[in-house]
Amino acid sequence: MALAAISAMSPASYCPGQKLALALVVMGLFLFGHSACHPYANSALNRVEQRALAVLALGMVAAVWLAGESWSKTPEMEQAVLLGTAFVLFVAETFLVGYFLYAKFVREEVAAGAELRAEQA
């Protein structure tokens with residue numbers, strides 16, 4: 001809801017920097033809140049969520065930097081930041097898909113095997 005409110009208050013047509021900065025503040029608050037509260041009982045889920053939020057915050061920092069005006073930015077530097085951010089987002093997405101598949105198929109088989117052994121004993 002906070003990100004939707006920011007989108008409504010700061011149209012991207014004439015103030016993209018402000019919109020990105022506000023979204024970065026929201027992402028930072030989510031990351032801080034998650035790090036402080038650990039909302040999931042499973043510590044692995046807490047770590048995965050924290051890493052995902054950290055990658056999103058890093059992407060937002062890069063977007064704010066790319067959208068801002070600075071005399072020291074060169075086209076090569078902008079391209080390097082853009083490609084680096086895209087690579088980090090791709091690695092994070094690959095990790096999340098891999099963890100989902102692991103949790104969906106491998107962990108269920110391990111849990112089913114443990115239940116079967118418990119029933120046989």
# chains A, B, ... in the order shown; residues from 1 in each chain; ligands from 1
>>> select_by_dssp(residues="chain A", states="helix (DSSP H, G or I)", output="ChimeraX atom specification")
/A:2-9,16-37,43-67,75-120
>>> residues_around(residues="stretch 54-66 of chain A", least_positions_apart="4", cutoff="8 Å", atoms="only C-alpha atoms", output="number ranges by chain")
A: 17, 20-21, 23-24, 27-28, 31, 50, 78, 81-82, 85, 88-89, 92
>>> write_last_selection(atoms="C-alpha atoms", output="JSON list (two decimals), in the first residue's frame")
[["chain", "number", "residue", "atom", "x", "y", "z"],
["A", 17, "GLY", "CA", 13.73, 11.20, -8.63],
["A", 20, "LEU", "CA", 12.35, 6.67, -6.51],
["A", 21, "ALA", "CA", 13.68, 8.28, -3.33],
["A", 23, "ALA", "CA", 10.20, 4.15, -2.71],
["A", 24, "LEU", "CA", 13.77, 3.66, -1.46],
["A", 27, "MET", "CA", 12.09, -0.39, 0.99],
["A", 28, "GLY", "CA", 14.65, 0.60, 3.60],
["A", 31, "LEU", "CA", 14.27, -4.15, 5.26],
["A", 50, "GLN", "CA", 16.04, -10.44, 4.10],
["A", 78, "GLU", "CA", 25.94, 4.44, -15.96],
["A", 81, "VAL", "CA", 25.86, 0.33, -12.81],
["A", 82, "LEU", "CA", 22.89, -0.71, -14.94],
["A", 85, "THR", "CA", 22.32, -4.13, -11.02],
["A", 88, "VAL", "CA", 22.52, -8.88, -9.17],
["A", 89, "LEU", "CA", 18.75, -8.96, -9.77],
["A", 92, "ALA", "CA", 18.73, -13.10, -6.83]]
>>> residues_around(residues="A:Glu93", least_positions_apart="4", cutoff="12 Å", atoms="only C-alpha atoms", output="CSV table (one decimal) with C-alpha atoms, in the first residue's frame")
chain,number,residue,atom,x,y,z
A,48,VAL,CA,15.8,-15.5,2.2
A,51,ARG,CA,18.3,-11.1,1.1
A,52,ALA,CA,15.5,-10.4,-1.3
A,53,LEU,CA,14.7,-7.1,0.4
A,55,VAL,CA,18.7,-6.9,-3.3
A,56,LEU,CA,15.6,-4.8,-4.0
A,86,ALA,CA,20.7,-6.3,-13.7
A,87,PHE,CA,23.2,-9.1,-12.9
A,88,VAL,CA,22.5,-8.9,-9.2
A,89,LEU,CA,18.8,-9.0,-9.8
A,97,VAL,CA,13.4,-19.8,-8.0
A,98,GLY,CA,16.0,-22.4,-7.0
A,99,TYR,CA,15.0,-22.2,-3.3
A,100,PHE,CA,11.4,-22.4,-4.2
>>> atom_distance(atom1="atom CA of A:Ala8", atom2="atom CA of A:Ser70")
26.9 Å
>>> atom_distance(atom1="atom CA of A:Gln18", atom2="atom CA of A:Ala67")
9.8 Å
>>> residues_around(residues="A:Cys37", least_positions_apart="4", cutoff="10 Å", atoms="only C-alpha atoms", output="NGL selection string")
:A and (32-33 or 46)
>>> atom_distance(atom1="atom CA of A:Ala44", atom2="atom CA of A:Phe95")
13.2 Å
>>> decode(residues="stretch 2-95 of chain A", atoms="C-alpha atoms", output="PDB file, in the first residue's frame")
ATOM      1  CA  ALA A   2       2.831   2.394   0.776  1.00  0.00           C
ATOM      2  CA  LEU A   3       4.364   1.920  -2.675  1.00  0.00           C
ATOM      3  CA  ALA A   4       0.944   2.410  -4.305  1.00  0.00           C
ATOM      4  CA  ALA A   5       0.463   5.643  -2.357  1.00  0.00           C
ATOM      5  CA  ILE A   6       3.885   6.876  -3.494  1.00  0.00           C
ATOM      6  CA  SER A   7       2.986   6.096  -7.100  1.00  0.00           C
ATOM      7  CA  ALA A   8      -0.209   8.095  -6.772  1.00  0.00           C
ATOM      8  CA  MET A   9       1.430  11.077  -5.047  1.00  0.00           C
ATOM      9  CA  SER A  10       4.534  11.361  -7.251  1.00  0.00           C
ATOM     10  CA  PRO A  11       3.818  10.957 -10.951  1.00  0.00           C
ATOM     11  CA  ALA A  12       6.831   9.649 -12.846  1.00  0.00           C
ATOM     12  CA  SER A  13       6.301  12.153 -15.632  1.00  0.00           C
ATOM     13  CA  TYR A  14       7.708  15.162 -13.805  1.00  0.00           C
ATOM     14  CA  CYS A  15       9.356  13.921 -10.604  1.00  0.00           C
ATOM     15  CA  PRO A  16      10.932  10.471 -11.105  1.00  0.00           C
ATOM     16  CA  GLY A  17      13.734  11.195  -8.629  1.00  0.00           C
ATOM     17  CA  GLN A  18      11.321  11.979  -5.816  1.00  0.00           C
ATOM     18  CA  LYS A  19       9.258   8.883  -6.560  1.00  0.00           C
ATOM     19  CA  LEU A  20      12.354   6.674  -6.515  1.00  0.00           C
ATOM     20  CA  ALA A  21      13.675   8.278  -3.327  1.00  0.00           C
ATOM     21  CA  LEU A  22      10.368   7.759  -1.522  1.00  0.00           C
ATOM     22  CA  ALA A  23      10.200   4.148  -2.714  1.00  0.00           C
ATOM     23  CA  LEU A  24      13.772   3.658  -1.463  1.00  0.00           C
ATOM     24  CA  VAL A  25      12.750   4.972   1.963  1.00  0.00           C
ATOM     25  CA  VAL A  26       9.843   2.516   2.055  1.00  0.00           C
ATOM     26  CA  MET A  27      12.090  -0.387   0.988  1.00  0.00           C
ATOM     27  CA  GLY A  28      14.647   0.604   3.601  1.00  0.00           C
ATOM     28  CA  LEU A  29      11.969   0.643   6.291  1.00  0.00           C
ATOM     29  CA  PHE A  30      10.711  -2.779   5.181  1.00  0.00           C
ATOM     30  CA  LEU A  31      14.269  -4.145   5.262  1.00  0.00           C
ATOM     31  CA  PHE A  32      14.944  -2.638   8.696  1.00  0.00           C
ATOM     32  CA  GLY A  33      11.622  -3.872  10.078  1.00  0.00           C
ATOM     33  CA  HIS A  34      12.172  -7.359   8.736  1.00  0.00           C
ATOM     34  CA  SER A  35      15.709  -7.474  10.115  1.00  0.00           C
ATOM     35  CA  ALA A  36      14.514  -6.344  13.531  1.00  0.00           C
ATOM     36  CA  CYS A  37      11.398  -8.503  13.854  1.00  0.00           C
ATOM     37  CA  HIS A  38      12.183 -11.772  12.011  1.00  0.00           C
ATOM     38  CA  PRO A  39       8.487 -12.373  11.247  1.00  0.00           C
ATOM     39  CA  TYR A  40       8.792 -16.020  10.157  1.00  0.00           C
ATOM     40  CA  ALA A  41       9.223 -18.936  12.542  1.00  0.00           C
ATOM     41  CA  ASN A  42      11.547 -20.595  10.017  1.00  0.00           C
ATOM     42  CA  SER A  43      14.956 -18.907  10.139  1.00  0.00           C
ATOM     43  CA  ALA A  44      15.743 -19.940   6.540  1.00  0.00           C
ATOM     44  CA  LEU A  45      12.687 -18.009   5.325  1.00  0.00           C
ATOM     45  CA  ASN A  46      13.792 -14.984   7.327  1.00  0.00           C
ATOM     46  CA  ARG A  47      17.233 -15.087   5.667  1.00  0.00           C
ATOM     47  CA  VAL A  48      15.772 -15.532   2.181  1.00  0.00           C
ATOM     48  CA  GLU A  49      13.323 -12.662   2.670  1.00  0.00           C
ATOM     49  CA  GLN A  50      16.044 -10.437   4.103  1.00  0.00           C
ATOM     50  CA  ARG A  51      18.309 -11.104   1.129  1.00  0.00           C
ATOM     51  CA  ALA A  52      15.487 -10.441  -1.322  1.00  0.00           C
ATOM     52  CA  LEU A  53      14.672  -7.134   0.364  1.00  0.00           C
ATOM     53  CA  ALA A  54      18.358  -6.188   0.419  1.00  0.00           C
ATOM     54  CA  VAL A  55      18.670  -6.852  -3.324  1.00  0.00           C
ATOM     55  CA  LEU A  56      15.558  -4.765  -3.998  1.00  0.00           C
ATOM     56  CA  ALA A  57      16.944  -1.935  -1.863  1.00  0.00           C
ATOM     57  CA  LEU A  58      20.238  -2.143  -3.757  1.00  0.00           C
ATOM     58  CA  GLY A  59      18.328  -1.946  -7.030  1.00  0.00           C
ATOM     59  CA  MET A  60      16.448   1.095  -5.754  1.00  0.00           C
ATOM     60  CA  VAL A  61      19.722   2.801  -4.762  1.00  0.00           C
ATOM     61  CA  ALA A  62      21.062   2.174  -8.260  1.00  0.00           C
ATOM     62  CA  ALA A  63      17.840   3.509  -9.812  1.00  0.00           C
ATOM     63  CA  VAL A  64      18.001   6.681  -7.701  1.00  0.00           C
ATOM     64  CA  TRP A  65      21.625   7.182  -8.731  1.00  0.00           C
ATOM     65  CA  LEU A  66      20.871   6.573 -12.408  1.00  0.00           C
ATOM     66  CA  ALA A  67      17.863   8.912 -12.405  1.00  0.00           C
ATOM     67  CA  GLY A  68      19.719  11.703 -10.627  1.00  0.00           C
ATOM     68  CA  GLU A  69      21.715  14.422 -12.301  1.00  0.00           C
ATOM     69  CA  SER A  70      25.431  14.518 -11.586  1.00  0.00           C
ATOM     70  CA  TRP A  71      28.332  16.045 -13.451  1.00  0.00           C
ATOM     71  CA  SER A  72      30.591  13.155 -12.477  1.00  0.00           C
ATOM     72  CA  LYS A  73      28.515  10.416 -14.132  1.00  0.00           C
ATOM     73  CA  THR A  74      29.836   9.112 -17.398  1.00  0.00           C
ATOM     74  CA  PRO A  75      27.901   6.967 -19.886  1.00  0.00           C
ATOM     75  CA  GLU A  76      30.315   4.099 -19.213  1.00  0.00           C
ATOM     76  CA  MET A  77      29.708   4.364 -15.458  1.00  0.00           C
ATOM     77  CA  GLU A  78      25.940   4.443 -15.963  1.00  0.00           C
ATOM     78  CA  GLN A  79      26.147   1.374 -18.182  1.00  0.00           C
ATOM     79  CA  ALA A  80      28.304  -0.458 -15.631  1.00  0.00           C
ATOM     80  CA  VAL A  81      25.860   0.334 -12.809  1.00  0.00           C
ATOM     81  CA  LEU A  82      22.895  -0.710 -14.936  1.00  0.00           C
ATOM     82  CA  LEU A  83      24.487  -4.003 -16.010  1.00  0.00           C
ATOM     83  CA  GLY A  84      25.759  -4.718 -12.491  1.00  0.00           C
ATOM     84  CA  THR A  85      22.319  -4.134 -11.015  1.00  0.00           C
ATOM     85  CA  ALA A  86      20.685  -6.293 -13.681  1.00  0.00           C
ATOM     86  CA  PHE A  87      23.186  -9.072 -12.916  1.00  0.00           C
ATOM     87  CA  VAL A  88      22.524  -8.883  -9.166  1.00  0.00           C
ATOM     88  CA  LEU A  89      18.751  -8.957  -9.767  1.00  0.00           C
ATOM     89  CA  PHE A  90      19.138 -11.937 -12.114  1.00  0.00           C
ATOM     90  CA  VAL A  91      21.257 -13.855  -9.583  1.00  0.00           C
ATOM     91  CA  ALA A  92      18.733 -13.102  -6.830  1.00  0.00           C
ATOM     92  CA  GLU A  93      15.839 -14.246  -9.022  1.00  0.00           C
ATOM     93  CA  THR A  94      17.690 -17.448  -9.907  1.00  0.00           C
ATOM     94  CA  PHE A  95      18.385 -18.089  -6.221  1.00  0.00           C
TER      95      PHE A  95
END
